[in-house]
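Data file: model.txt. Format and content: compact mmCIF, C-alpha atoms.
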```txt
# COMPACT_ATOMS: atom_id res chain seq x y z
CA MET A 53 47.41 6.70 20.23
CA GLN A 54 48.52 9.77 18.35
CA PHE A 55 47.67 13.32 19.32
CA ARG A 56 47.89 16.56 17.40
CA LYS A 57 51.08 17.65 19.14
CA ARG A 58 53.05 15.21 16.99
CA PHE A 59 51.77 16.57 13.69
CA PHE A 60 53.45 20.00 13.89
CA PRO A 61 50.39 21.76 12.43
CA ARG A 62 50.62 24.87 10.28
CA THR A 63 49.40 28.03 11.98
CA PHE A 64 48.37 31.46 10.83
CA ILE A 65 47.17 34.67 12.43
CA ILE A 66 44.07 36.67 11.57
CA PHE A 67 44.47 40.42 11.85
CA ILE A 68 41.42 42.67 11.90
CA SER A 69 41.77 46.43 11.90
CA ILE A 70 40.14 46.94 15.30
CA PRO A 71 42.03 47.19 18.61
CA LEU A 72 42.99 43.72 19.72
CA ILE A 73 41.99 42.25 23.05
CA TYR A 74 44.07 39.46 24.54
CA THR A 75 42.72 36.91 27.02
CA ASP A 76 44.05 33.69 28.47
CA ASP A 77 41.44 31.56 26.70
CA GLU A 78 42.29 33.10 23.34
CA CYS A 79 39.65 32.04 20.80
CA LEU A 80 37.49 29.61 22.75
CA ASN A 81 35.54 31.91 25.06
CA ARG A 82 35.39 34.90 22.75
CA PRO A 83 32.41 37.16 23.48
CA ASP A 84 30.16 38.37 20.67
CA SER A 85 31.80 40.98 18.43
CA ASP A 86 35.21 40.33 19.99
CA PHE A 87 37.55 41.11 17.07
CA ARG A 88 41.10 40.31 18.05
CA GLN A 89 44.16 38.34 17.14
CA CYS A 90 43.21 34.70 16.84
CA THR A 91 45.47 31.73 16.05
CA SER A 92 44.30 28.89 13.81
CA HIS A 93 46.08 25.57 13.44
CA ARG A 94 45.92 23.23 10.48
CA LEU A 95 45.21 19.61 11.41
CA ASN A 96 47.15 17.77 8.71
CA PRO A 97 45.71 14.25 9.24
CA TYR A 98 42.41 15.71 8.01
CA ASN A 99 43.77 16.78 4.63
CA ASP A 100 41.32 15.63 1.94
CA LYS A 101 38.87 14.48 4.63
CA ARG A 102 35.37 15.51 5.69
CA GLU A 103 33.35 15.32 8.90
CA GLN A 104 29.56 15.68 9.16
CA GLU A 105 29.15 15.68 12.94
CA ARG A 106 27.64 18.84 14.43
CA THR A 107 27.84 20.94 11.29
CA LEU A 108 26.77 24.52 11.99
CA TRP A 109 26.71 25.87 8.44
CA THR A 110 28.33 25.69 5.02
CA LYS A 111 29.33 28.82 3.13
CA THR A 112 29.89 28.83 -0.62
CA TYR A 113 31.96 31.11 -2.87
CA VAL A 114 34.48 31.69 -0.06
CA SER A 115 37.58 33.17 -1.66
CA ASN A 116 40.27 32.15 0.85
CA VAL A 117 40.95 30.47 4.17
CA LEU A 118 41.18 33.77 6.08
CA ARG A 119 37.62 34.63 5.10
CA CYS A 120 36.53 31.14 6.13
CA SER A 121 38.27 31.59 9.47
CA SER A 122 36.49 34.89 10.04
CA TYR A 123 33.11 33.20 9.52
CA CYS A 124 33.98 30.72 12.24
CA MET A 125 35.42 33.32 14.59
CA ASN A 126 32.27 35.43 14.33
CA ASP A 127 30.09 32.48 15.36
CA GLN A 128 30.44 31.87 19.09
CA ARG A 129 29.59 28.19 18.64
CA CYS A 130 32.25 27.49 16.01
CA VAL A 131 35.60 26.00 17.09
CA THR A 132 36.71 24.11 13.95
CA TYR A 133 36.22 24.67 10.24
CA PHE A 134 36.96 22.96 6.94
CA PHE A 135 38.07 25.01 3.95
CA ASN A 136 38.22 23.66 0.42
CA LYS A 137 40.23 25.86 -1.92
CA SER A 138 39.04 23.99 -5.02
CA THR A 139 35.31 24.20 -4.33
CA LYS A 140 35.57 27.45 -2.32
CA THR A 141 33.40 26.06 0.46
CA CYS A 142 33.72 26.72 4.18
CA THR A 143 32.06 24.55 6.82
CA GLY A 144 31.93 25.34 10.53
CA HIS A 145 31.59 22.82 13.37
CA SER A 146 30.88 23.15 17.08
CA ILE A 147 33.23 20.37 18.25
CA MET A 148 36.85 19.29 17.94
CA PHE A 149 37.92 16.30 15.85
CA GLY A 150 40.75 13.91 16.56
CA ASN A 151 40.35 10.67 14.61
CA ALA A 152 40.82 11.25 10.90
CA THR A 153 40.53 7.54 10.09
CA ALA A 154 36.77 7.76 10.68
CA ALA A 155 36.32 10.71 8.33
CA SER A 156 34.99 10.50 4.78
CA VAL A 157 37.05 11.54 1.76
CA GLU A 158 36.72 14.99 0.18
CA THR A 159 39.59 16.06 -2.05
CA GLY A 160 40.96 19.51 -1.31
CA ASN A 161 39.45 19.82 2.16
CA VAL A 162 41.62 21.09 5.04
CA LEU A 163 40.63 21.26 8.72
CA TYR A 164 41.59 24.12 11.03
CA TYR A 165 40.98 24.60 14.74
CA PHE A 166 41.34 27.60 17.03
CA SER A 167 43.81 27.75 19.88
CA GLY A 168 42.26 26.82 23.20
CA VAL A 169 40.13 23.91 21.97
CA GLU A 170 42.55 21.15 22.91
CA GLY A 171 40.59 18.83 25.19
CA TYR A 172 37.31 20.25 23.92
CA ILE A 173 34.18 18.21 23.24
CA GLY A 174 34.93 15.62 20.53
CA ASP A 175 38.69 15.62 21.04
CA LEU A 176 40.63 12.39 21.57
CA CYS A 177 41.59 11.64 25.15
CA THR A 178 42.93 8.93 27.45
CA THR A 179 41.79 10.15 30.89
CA ASN A 180 39.24 12.62 32.27
CA ASP A 181 42.07 15.04 32.97
CA ASP A 182 42.53 15.48 29.21
CA CYS A 183 39.04 17.02 28.90
CA THR A 184 38.80 20.73 29.63
CA VAL A 185 35.06 21.48 29.36
CA VAL A 186 33.10 21.82 32.59
CA SER A 187 31.24 18.55 33.42
CA SER A 188 32.89 16.59 30.60
CA GLU A 189 34.61 13.21 30.75
CA CYS A 190 36.73 10.90 28.62
CA ARG A 191 34.73 7.90 27.41
CA ALA A 192 34.44 5.49 24.51
CA ASP A 193 31.67 6.17 22.03
CA CYS A 194 32.45 3.24 19.75
CA ILE A 195 31.98 5.23 16.54
CA ASN A 196 34.28 2.73 14.82
CA ASN A 197 32.82 -0.27 16.60
CA THR A 198 33.59 -3.48 14.69
CA GLY A 199 31.23 -5.83 16.49
CA THR A 200 32.85 -5.87 19.91
CA PHE A 201 31.41 -4.09 22.91
CA GLU A 202 34.52 -2.19 23.89
CA CYS A 203 36.46 0.46 21.99
CA SER A 204 40.02 1.68 22.45
CA GLU A 205 39.20 5.14 21.11
CA LYS A 206 37.95 7.64 23.67
CA ARG A 207 36.68 11.18 23.17
CA CYS A 208 35.82 14.09 25.44
CA MET A 209 32.06 14.16 25.93
CA CYS A 210 29.58 15.56 28.42
CA VAL A 211 29.00 13.44 31.50
CA SER A 212 25.81 11.40 30.97
CA GLY A 213 22.83 13.55 31.96
CA TYR A 214 24.51 16.83 30.96
CA SER A 215 23.76 18.64 27.70
CA PHE A 216 26.46 20.16 25.54
CA SER A 217 26.08 23.92 25.05
CA PRO A 218 28.14 25.06 22.04
CA THR A 219 27.33 28.68 22.87
CA GLU A 220 28.49 28.58 26.51
CA HIS A 221 31.21 25.95 25.85
CA LYS A 222 29.96 23.90 28.79
CA CYS A 223 28.02 20.78 29.66
CA LEU A 224 24.85 21.90 31.45
CA ALA A 225 22.33 20.10 33.65
CA ASN A 226 19.51 22.05 31.98
CA CYS A 227 19.13 23.97 28.73
CA THR A 228 17.18 27.17 28.29
CA THR A 229 16.50 25.95 24.76
CA TYR A 230 17.27 22.49 23.43
CA GLY A 231 18.76 21.93 19.98
CA ASP A 232 18.75 19.26 17.27
CA PHE A 233 21.88 17.28 18.18
CA PHE A 234 22.40 14.44 20.66
CA MET A 235 25.37 13.00 22.55
CA ARG A 236 25.44 9.25 23.03
CA THR A 237 26.37 7.08 26.00
CA TYR A 238 26.95 3.75 24.34
CA LEU A 239 25.32 0.57 25.72
CA HIS A 240 23.66 2.33 28.67
CA PHE A 241 20.03 3.11 29.39
CA ILE A 242 17.59 4.18 32.10
CA ALA A 243 15.39 1.33 33.36
CA ASN A 244 12.30 3.34 34.32
CA GLY A 245 9.70 0.76 33.33
CA VAL A 246 8.13 2.91 30.61
CA ASN A 247 7.01 1.31 27.37
CA ALA A 248 8.55 2.35 24.06
CA ASP A 249 7.04 5.38 22.34
CA TYR A 250 7.88 4.06 18.87
CA SER A 251 8.99 0.77 17.37
CA ASN A 252 10.52 -0.22 14.04
CA ILE A 253 11.95 3.22 13.30
CA THR A 254 15.49 4.39 12.66
CA LEU A 255 17.62 6.29 15.16
CA GLU A 256 17.31 9.40 13.00
CA GLN A 257 13.51 9.12 13.07
CA CYS A 258 13.59 8.63 16.84
CA GLN A 259 15.67 11.78 17.27
CA GLN A 260 13.32 13.74 15.02
CA HIS A 261 10.34 12.65 17.13
CA CYS A 262 12.19 13.95 20.19
CA VAL A 263 13.02 17.31 18.58
CA GLN A 264 9.52 17.77 17.17
CA ARG A 265 7.50 16.62 20.18
CA SER A 266 5.13 19.41 21.19
CA SER A 267 3.16 17.82 24.06
CA SER A 268 6.15 18.10 26.43
CA GLU A 269 9.83 18.86 26.00
CA CYS A 270 11.99 15.89 25.10
CA ARG A 271 15.38 16.14 26.80
CA SER A 272 16.81 12.69 26.17
CA LEU A 273 16.00 9.33 24.62
CA VAL A 274 16.94 5.67 24.68
CA TYR A 275 17.21 3.75 21.43
CA GLY A 276 17.72 0.03 20.96
CA SER A 277 19.35 -0.76 17.65
CA THR A 278 18.58 -4.50 17.91
CA ASN A 279 14.88 -4.41 18.75
CA ILE A 280 14.49 -0.96 17.10
CA ASP A 281 12.60 0.63 20.02
CA CYS A 282 12.55 4.38 20.74
CA TYR A 283 11.92 5.78 24.22
CA LEU A 284 11.47 9.57 24.50
CA MET A 285 12.00 11.24 27.88
CA GLY A 286 11.33 14.65 29.36
CA THR A 287 13.89 13.71 32.00
CA THR A 288 17.61 12.92 32.01
CA LYS A 289 19.93 10.56 33.85
CA LEU A 290 20.30 13.20 36.57
CA ASP A 291 16.63 12.74 37.51
CA TYR A 292 17.04 9.04 38.42
CA GLU A 293 18.71 7.00 41.10
CA ASP A 294 22.00 5.40 40.11
CA SER A 295 20.40 1.96 40.46
CA LEU A 296 18.22 2.68 37.39
CA TRP A 297 21.25 3.47 35.21
CA LYS A 298 22.01 0.17 33.51
CA TYR A 299 24.73 -1.25 31.32
CA ASP A 300 23.23 -3.21 28.43
CA GLN A 301 24.74 -6.64 28.98
CA TRP A 302 21.91 -8.37 27.11
CA PHE A 303 23.05 -7.26 23.65
CA TYR A 304 19.94 -5.26 22.77
CA GLN A 305 22.36 -2.42 22.06
CA TYR A 306 20.39 0.16 24.00
CA SER A 307 22.14 3.52 24.12
CA TYR A 308 21.28 6.74 25.90
CA TYR A 309 21.15 10.00 23.92
CA GLN A 310 21.35 13.35 25.69
CA ARG A 311 19.94 16.28 23.74
CA ASP A 312 22.25 19.28 23.20
CA CYS A 313 21.48 22.89 24.02
CA ILE A 314 21.37 25.34 21.12
```

Let me see the file written as structure tokens.
Amino acid sequence: MQFRKRFFPRTFIIFISIPLIYTDDECLNRPDSDFRQCTSHRLNPYNDKREQERTLWTKTYVSNVLRCSSYCMNDQRCVTYFFNKSTKTCTGHSIMFGNATAASVETGNVLYYFSGVEGYIGDLCTTNDDCTVVSSECRADCINNTGTFECSEKRCMCVSGYSFSPTEHKCLANCTTYGDFFMRTYLHFIANGVNADYSNITLEQCQQHCVQRSSSECRSLVYGSTNIDCYLMGTTKLDYEDSLWKYDQWFYQYSYYQRDCI
């Protein structure tokens, strides 16, 4: 497995004409309006590639990469950004990326990440010690699953039952406000005996029902991609005994989805 350290990424420094403040965490835990020296690294395997996961925003008519970097630095949630010199677009993301083979093609795109996000949510890993976010772990998500039920690729993700907070850079047991994104625990589900809320709908539709539910707050869901059932929950894995946390050995392809914080 290859890691960024072997790619010798290009770096550059952003200078802003306000007194600089230096901290150990550099760019990751920057407070609001913290204008200081910030190091960005170019992730060369992502040249001419594109990622859609956890997109925060896309800016158009961006003249150069330094301006793109400033957009990301001024958004507390943003840790990586794509800049395309040809189309002059800038796209910010709230997670780290590590597997360029899964990315789509977009000519001219270049990915940059801030110092301090190694081992962040989304990054490639081999053990839990590689993951630096509070209450995160290294586990397979099977994004590139080819029909088997095990994957060699592992990424840093929140421990099942914890919600990713891109603003606080943590995995939290509870969110003050829940967002629109979900983090999956592949082939696991909560066996609580509740009937499905919806059937014969897509995963995207299931997630939208969770986000839009007004009767009670939806904090997680279980979706079966074989029988196409959607279970919405106002609870999380943390609210249940371990005996109710099941591995799907029956090939229904149930997976657990934990809703992110905003």

> So which one's closest to Cys262 in chain A, A:Glu220, A:Glu293, A:Glu170, A:Asp312? Using only C-alpha atoms, please.
Replying inline: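 Comparing A:Glu220, A:Glu293, A:Glu170, A:Asp312 against Cys262 in chain A, the winner is A:Asp312.
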
> Just how far from CA of Cys223 in chain A is CA of Cys313 in chain A, in Å to one decimal?
Replying inline: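 Going from CA of Cys313 in chain A over to CA of Cys223 in chain A covers 8.9 Å.
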
> For Leu108 in chain A, which residue among A:Ile280, A:Cys124, A:Leu95, A:Val186 is the nearest when counting only C-alpha atoms?
Replying inline: A:Cys124

> Which is closer to Asp175 in chain A than all the others in A:Thr237, A:Ser215, A:Ser138, A:Thr132, using all atoms listed in the file?
Replying inline: A:Thr132

> Around (9.0, 17.0, 25.0) in the file's frame, which residues reach within 12 Å when counting all atoms listed in the file? Return as a ChimeraX atom specification?
Replying inline: /A:229-230,259-273,283-288,311

What does the file look like for those residues with C-alpha atoms, as a compact mmCIF listing (two decimals), in the coordinates of the input?
```txt
# COMPACT_ATOMS: atom_id res chain seq x y z
CA THR A 229 16.50 25.95 24.76
CA TYR A 230 17.27 22.49 23.43
CA GLN A 259 15.67 11.78 17.27
CA GLN A 260 13.32 13.74 15.02
CA HIS A 261 10.34 12.65 17.13
CA CYS A 262 12.19 13.95 20.19
CA VAL A 263 13.02 17.31 18.58
CA GLN A 264 9.52 17.77 17.17
CA ARG A 265 7.50 16.62 20.18
CA SER A 266 5.13 19.41 21.19
CA SER A 267 3.16 17.82 24.06
CA SER A 268 6.15 18.10 26.43
CA GLU A 269 9.83 18.86 26.00
CA CYS A 270 11.99 15.89 25.10
CA ARG A 271 15.38 16.14 26.80
CA SER A 272 16.81 12.69 26.17
CA LEU A 273 16.00 9.33 24.62
CA TYR A 283 11.92 5.78 24.22
CA LEU A 284 11.47 9.57 24.50
CA MET A 285 12.00 11.24 27.88
CA GLY A 286 11.33 14.65 29.36
CA THR A 287 13.89 13.71 32.00
CA THR A 288 17.61 12.92 32.01
CA ARG A 311 19.94 16.28 23.74
```

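Between CA of Val117 in chain A and CA of Thr91 in chain A there is a distance of 12.8 Å.
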
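You will find CA of Thr107 in chain A at 22.5 Å from CA of Gly213 in chain A.
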
>> I'd like the neighbourhood of range 98-103 of chain A as a list in words, where a residue qualifies if any of its atoms comes within 8 Å (using all atoms listed in the file), though same-chain residues fewer than 6 positions away should be ignored.
In response: Phe134, Ala152, Ala155, Ser156, Val157, Glu158, Thr159, Gly160, Asn161, Val162 and Leu163 of chain A

>> Which residue is closest to Gln128 in chain A? Choose from A:Pro218, A:Gly276, A:Gly144, A:Gly245 and count all atoms listed in the file.
In response: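 Of A:Pro218, A:Gly276, A:Gly144, A:Gly245, the one nearest Gln128 in chain A is A:Pro218, counting all atoms listed in the file.
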
> With distances taken over all atoms listed in the file, which of A:Gln310, A:Ser146, A:Ser115, A:Ser188 is nearest to Met235 in chain A?
Replying inline: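 Using all atoms listed in the file, the shortest distance to Met235 in chain A belongs to A:Gln310.
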
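Distances to Ser251 in chain A were evaluated for A:Ser277, A:Tyr292, A:Thr110, A:Trp302 using only C-alpha atoms, and the minimum falls at A:Ser277.
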
> What lies within 8 Å of Ala243 in chain A using only C-alpha atoms, ignoring chain neighbours under 5 positions off, as number ranges by chain?
Replying inline: A: 296-298
